[in-house]
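Below is the file final_22.cif, which contains mmCIF, C-alpha atoms.
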```cif
data_my_file
#
loop_
_atom_site.label_atom_id
_atom_site.label_comp_id
_atom_site.auth_asym_id
_atom_site.auth_seq_id
_atom_site.Cartn_x
_atom_site.Cartn_y
_atom_site.Cartn_z
CA MET A 254 70.24 -62.11 67.65
CA SER A 255 69.34 -63.28 71.14
CA ALA A 256 69.01 -66.86 72.38
CA HIS A 257 65.24 -66.32 72.39
CA ASP A 258 65.36 -65.74 68.61
CA ASP A 259 67.09 -69.09 68.05
CA ILE A 260 64.09 -71.01 69.37
CA GLU A 261 62.02 -72.61 66.63
CA ARG A 262 58.74 -70.74 66.19
CA GLY A 263 55.53 -71.24 64.25
CA ILE A 264 53.23 -74.09 65.21
CA LEU A 265 54.35 -75.29 68.61
CA ALA A 266 51.92 -78.01 69.73
CA LEU A 267 48.63 -79.77 69.06
CA ILE A 268 46.24 -81.22 71.62
CA ILE A 269 43.04 -83.07 70.74
CA ILE A 270 40.34 -83.45 73.41
CA ASN A 271 37.32 -85.74 73.09
CA LYS A 272 33.77 -84.57 73.82
CA ALA A 273 34.01 -85.76 77.43
CA GLY A 274 37.13 -83.64 78.07
CA GLY A 275 39.64 -86.49 77.85
CA LEU A 276 43.01 -86.06 76.22
CA ILE A 277 43.19 -88.26 73.11
CA TYR A 278 46.25 -86.79 71.37
CA ASN A 279 49.12 -84.44 72.10
CA ARG A 280 52.22 -83.61 70.14
CA THR A 281 54.82 -80.87 70.43
CA PHE A 282 56.75 -79.53 67.45
CA GLY A 283 60.10 -77.93 68.13
CA GLU A 284 61.36 -76.29 71.29
CA GLY A 285 59.06 -73.27 71.63
CA LEU A 286 57.09 -74.51 74.66
CA ASN A 287 58.17 -75.81 78.04
CA GLN A 288 57.88 -79.59 78.17
CA LEU A 289 55.01 -80.93 80.24
CA ASN A 290 54.57 -84.42 81.62
CA THR A 291 51.60 -86.64 80.74
CA ASN A 292 49.69 -85.72 83.89
CA ASP A 293 50.03 -82.01 83.09
CA TYR A 294 48.55 -82.60 79.61
CA LEU A 295 45.63 -84.51 81.15
CA VAL A 296 44.97 -81.65 83.59
CA LEU A 297 45.27 -79.09 80.77
CA ALA A 298 42.76 -81.00 78.63
CA GLY A 299 40.23 -81.33 81.45
CA THR A 300 40.64 -77.72 82.53
CA PHE A 301 40.27 -76.37 79.01
CA HIS A 302 37.18 -78.53 78.47
CA GLY A 303 35.56 -77.05 81.59
CA VAL A 304 36.47 -73.47 80.73
CA HIS A 305 35.21 -73.98 77.17
CA ALA A 306 31.89 -75.33 78.49
CA ILE A 307 31.48 -72.32 80.79
CA THR A 308 32.35 -69.78 78.09
CA THR A 309 29.89 -71.46 75.74
CA ARG A 310 27.12 -70.77 78.24
CA LEU A 311 28.32 -67.18 78.76
CA CYS A 312 27.89 -66.25 75.10
CA PRO A 313 25.38 -63.43 74.74
CA ALA A 314 22.06 -64.47 73.24
CA LYS A 315 21.65 -63.47 69.62
CA ALA A 316 18.46 -61.83 68.44
CA GLN A 317 16.15 -64.35 66.76
CA PRO A 318 15.20 -63.37 63.22
CA SER A 319 11.55 -62.46 62.93
CA SER A 320 9.25 -64.57 60.80
CA GLN A 321 8.70 -61.55 58.55
CA GLN A 322 12.34 -61.67 57.41
CA ASN A 323 12.09 -65.31 56.38
CA GLY A 324 8.87 -64.79 54.42
CA ALA A 325 5.60 -66.56 54.81
CA GLY A 326 5.80 -70.33 54.70
CA SER A 327 9.61 -70.51 54.71
CA ILE A 328 11.57 -72.75 57.03
CA PRO A 329 13.28 -70.78 59.80
CA SER A 330 17.05 -71.06 59.84
CA ARG A 331 18.70 -72.91 62.70
CA PRO A 332 20.75 -70.64 64.97
CA ASP A 333 24.51 -71.11 65.10
CA PRO A 334 25.64 -73.09 68.15
CA PRO A 335 27.41 -71.01 70.80
CA SER A 336 31.15 -71.11 70.24
CA GLY A 337 32.79 -70.69 73.64
CA LEU A 338 36.47 -69.93 74.00
CA GLU A 339 38.14 -69.79 70.58
CA VAL A 340 41.44 -67.93 71.06
CA LEU A 341 43.63 -67.35 74.09
CA GLU A 342 46.64 -65.13 73.50
CA SER A 343 49.56 -64.27 75.75
CA GLU A 344 52.78 -62.40 75.06
CA ASN A 345 54.53 -65.73 74.34
CA PHE A 346 52.01 -67.87 72.46
CA ARG A 347 48.51 -68.11 71.04
CA LEU A 348 46.10 -70.98 71.68
CA GLN A 349 43.43 -71.48 69.04
CA CYS A 350 40.53 -73.90 69.56
CA PHE A 351 38.53 -75.56 66.81
CA ASN A 352 35.43 -77.29 68.18
CA THR A 353 33.95 -79.86 65.80
CA LEU A 354 30.24 -80.56 65.53
CA THR A 355 30.84 -83.84 67.40
CA GLY A 356 32.41 -81.99 70.34
CA THR A 357 36.03 -82.94 69.66
CA LYS A 358 38.32 -79.97 70.33
CA PHE A 359 41.57 -79.26 68.51
CA LEU A 360 43.90 -76.94 70.43
CA LEU A 361 46.72 -75.49 68.38
CA PHE A 362 49.53 -73.64 70.14
CA THR A 363 51.42 -71.20 67.90
CA ASP A 364 53.70 -68.24 68.32
CA THR A 365 51.89 -64.91 68.34
CA LEU A 366 53.13 -64.00 64.85
CA GLN A 367 51.92 -67.17 63.13
CA ALA A 368 49.69 -66.26 60.18
CA ASN A 369 46.77 -68.26 58.77
CA VAL A 370 46.20 -70.34 61.90
CA ASP A 371 42.64 -71.10 60.77
CA VAL A 372 43.97 -72.57 57.50
CA ALA A 373 46.46 -74.73 59.41
CA MET A 374 43.73 -75.84 61.81
CA ARG A 375 41.48 -76.85 58.92
CA LYS A 376 44.28 -78.88 57.30
CA ILE A 377 45.01 -80.63 60.61
CA TYR A 378 41.32 -81.45 60.99
CA ASP A 379 41.28 -82.82 57.42
CA LEU A 380 44.28 -85.05 58.22
CA TYR A 381 42.49 -86.26 61.37
CA ALA A 382 39.33 -87.01 59.40
CA ASP A 383 41.23 -88.83 56.64
CA PHE A 384 43.72 -90.85 58.66
CA VAL A 385 42.12 -91.31 62.08
CA THR A 386 38.35 -91.40 61.79
CA LYS A 387 38.44 -93.40 58.55
CA ASN A 388 40.81 -95.94 60.11
CA PRO A 389 38.76 -99.10 60.71
CA PHE A 390 40.81 -99.91 63.83
CA TYR A 391 40.21 -96.54 65.52
CA GLN A 392 37.49 -96.31 68.16
CA LEU A 393 35.89 -92.89 68.57
CA GLU A 394 36.72 -91.00 71.76
CA MET A 395 39.77 -93.19 72.40
CA PRO A 396 43.46 -92.09 72.27
CA VAL A 397 44.76 -91.60 68.73
CA ARG A 398 47.39 -94.17 67.81
CA CYS A 399 47.80 -93.89 64.06
CA ASP A 400 51.27 -93.84 62.50
CA THR A 401 50.01 -92.50 59.18
CA PHE A 402 48.34 -89.55 60.91
CA ASP A 403 51.56 -88.85 62.85
CA ARG A 404 53.68 -88.93 59.69
CA LYS A 405 51.31 -86.72 57.65
CA LEU A 406 50.88 -84.29 60.54
CA ASN A 407 54.64 -83.99 61.15
CA SER A 408 55.23 -83.45 57.44
CA TYR A 409 52.59 -80.72 57.26
CA ILE A 410 53.82 -78.94 60.41
CA ARG A 411 57.41 -79.06 59.13
CA GLU A 412 56.22 -77.53 55.85
CA VAL A 413 54.36 -74.72 57.64
CA ASN A 414 57.18 -73.98 60.08
CA ASN A 415 59.84 -73.99 57.35
CA ALA A 416 57.82 -71.56 55.22
CA ARG A 417 58.28 -68.85 57.86
#
```
Show this structure as structure tokens.
Amino acid sequence: MSAHDDIERGILALIIINKAGGLIYNRTFGEGLNQLNTNDYLVLAGTFHGVHAITTRLCPAKAQPSSQQNGAGSIPSRPDPPSGLEVLESENFRLQCFNTLTGTKFLLFTDTLQANVDVAMRKIYDLYADFVTKNPFYQLEMPVRCDTFDRKLNSYIREVNNAR
């Protein structure tokens, strides 16, 4: 077993970016990623936000369903919003982005072998919705400072990483 194998793997980090591209939360879990300073996280958040906006506009246009398919008098369905960058994978890690309907982006860094990343992302979003957005003292778009969210998130990440 090499020294590389001793490094804790699984879910490595979480970054939450508000709809304006500002960093509102970042947390690392374990030793799988190089440590960055606060300024680096701010630059990463802003850069990802810009790249995501560009890739959203680059999405190929989908064919609009014809009115014949919907039937006469039916309400046409609303097209899905363009998704932009969703997954970025390297030989060392995978970055998965979940973009909420409000424009908040959740970036989850995992090792490349981590399974069920979409399930983990959904659970993290549920924790955010339950313990951050429902907190009467939290202001939307501002940095997340919620001890209960931190505790629940750390507990969940520990559970996922220990299950590997």
Could you give me, as CSV, every region 325-396 of chain A residue with an atom at most 10 Å from region 266-276 of chain A, plus its closest atom pair and distance in Å to one decimal, counting all atoms listed in the file, rows ordered by chain then number?
```
residue,atom,partner,partner_atom,distance
A:Leu348,CA,A:Ala266,CA,9.3
A:Gln349,CA,A:Leu267,CA,9.8
A:Cys350,CA,A:Ile268,CA,9.5
A:Phe351,CA,A:Ile269,CA,9.6
A:Asn352,CA,A:Lys272,CA,9.4
A:Thr353,CA,A:Lys272,CA,9.3
A:Leu354,CA,A:Lys272,CA,9.9
A:Thr355,CA,A:Lys272,CA,7.1
A:Gly356,CA,A:Lys272,CA,4.5
A:Thr357,CA,A:Asn271,CA,4.6
A:Lys358,CA,A:Ile270,CA,5.1
A:Phe359,CA,A:Ile269,CA,4.7
A:Leu360,CA,A:Ile268,CA,5.0
A:Leu361,CA,A:Leu267,CA,4.7
A:Phe362,CA,A:Ala266,CA,5.0
A:Thr363,CA,A:Ala266,CA,7.1
A:Met374,CA,A:Leu267,CA,9.6
A:Ile377,CA,A:Leu267,CA,9.2
A:Tyr381,CA,A:Ile269,CA,9.9
A:Leu393,CA,A:Asn271,CA,8.6
A:Glu394,CA,A:Asn271,CA,5.5
A:Met395,CA,A:Asn271,CA,7.9
A:Pro396,CA,A:Leu276,CA,7.2
```
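Take the candidates A:Leu311, A:Ile277, A:Ile410, A:Ala373 and check each one against Tyr391 (chain A) using all atoms listed in the file; the shortest distance goes to A:Ile277.
Of the residues listed (A:Leu295, A:Ile264, A:Arg347, A:Val340), A:Leu295 shows the shortest atom-to-atom separation from Asn279 (chain A); distances use only C-alpha atoms.
Across the structure, CA of Asp371 (chain A) and CA of Cys399 (chain A) are spaced 23.6 Å apart.
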For this session: In Å, rounded to a single decimal, give me how far CA of Leu338 (chain A) is from CA of Ala298 (chain A).
Result: 13.5 Å
Problem set entry | Atomic distance CA of Thr291 (chain A) - CA of Asp403 (chain A), expressed in Å with one decimal | 18.0 Å
For this session: Rank A:Glu339, A:Asp364, A:Asp400, A:Glu344 by their smallest atom-to-atom distance to Thr308 (chain A), using only C-alpha atoms, and report the top residue only.
Result: A:Glu339
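Nearest-residue note for Val413 (chain A): choosing from A:Ala382, A:Leu341, A:Val372, A:Leu289, the minimum distance belongs to A:Val372, counting only C-alpha atoms.
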Exercise. Using only C-alpha atoms, which of A:Leu366, A:Val385, A:Val304, A:Leu286 sits nearest Lys405 (chain A)?
Worked result: A:Val385
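In terms of minimum interatomic distance to Asn369 (chain A), A:Asn414 ranks closest within A:Thr386, A:Asn414, A:Asn407, A:Gln392, counting all atoms listed in the file.
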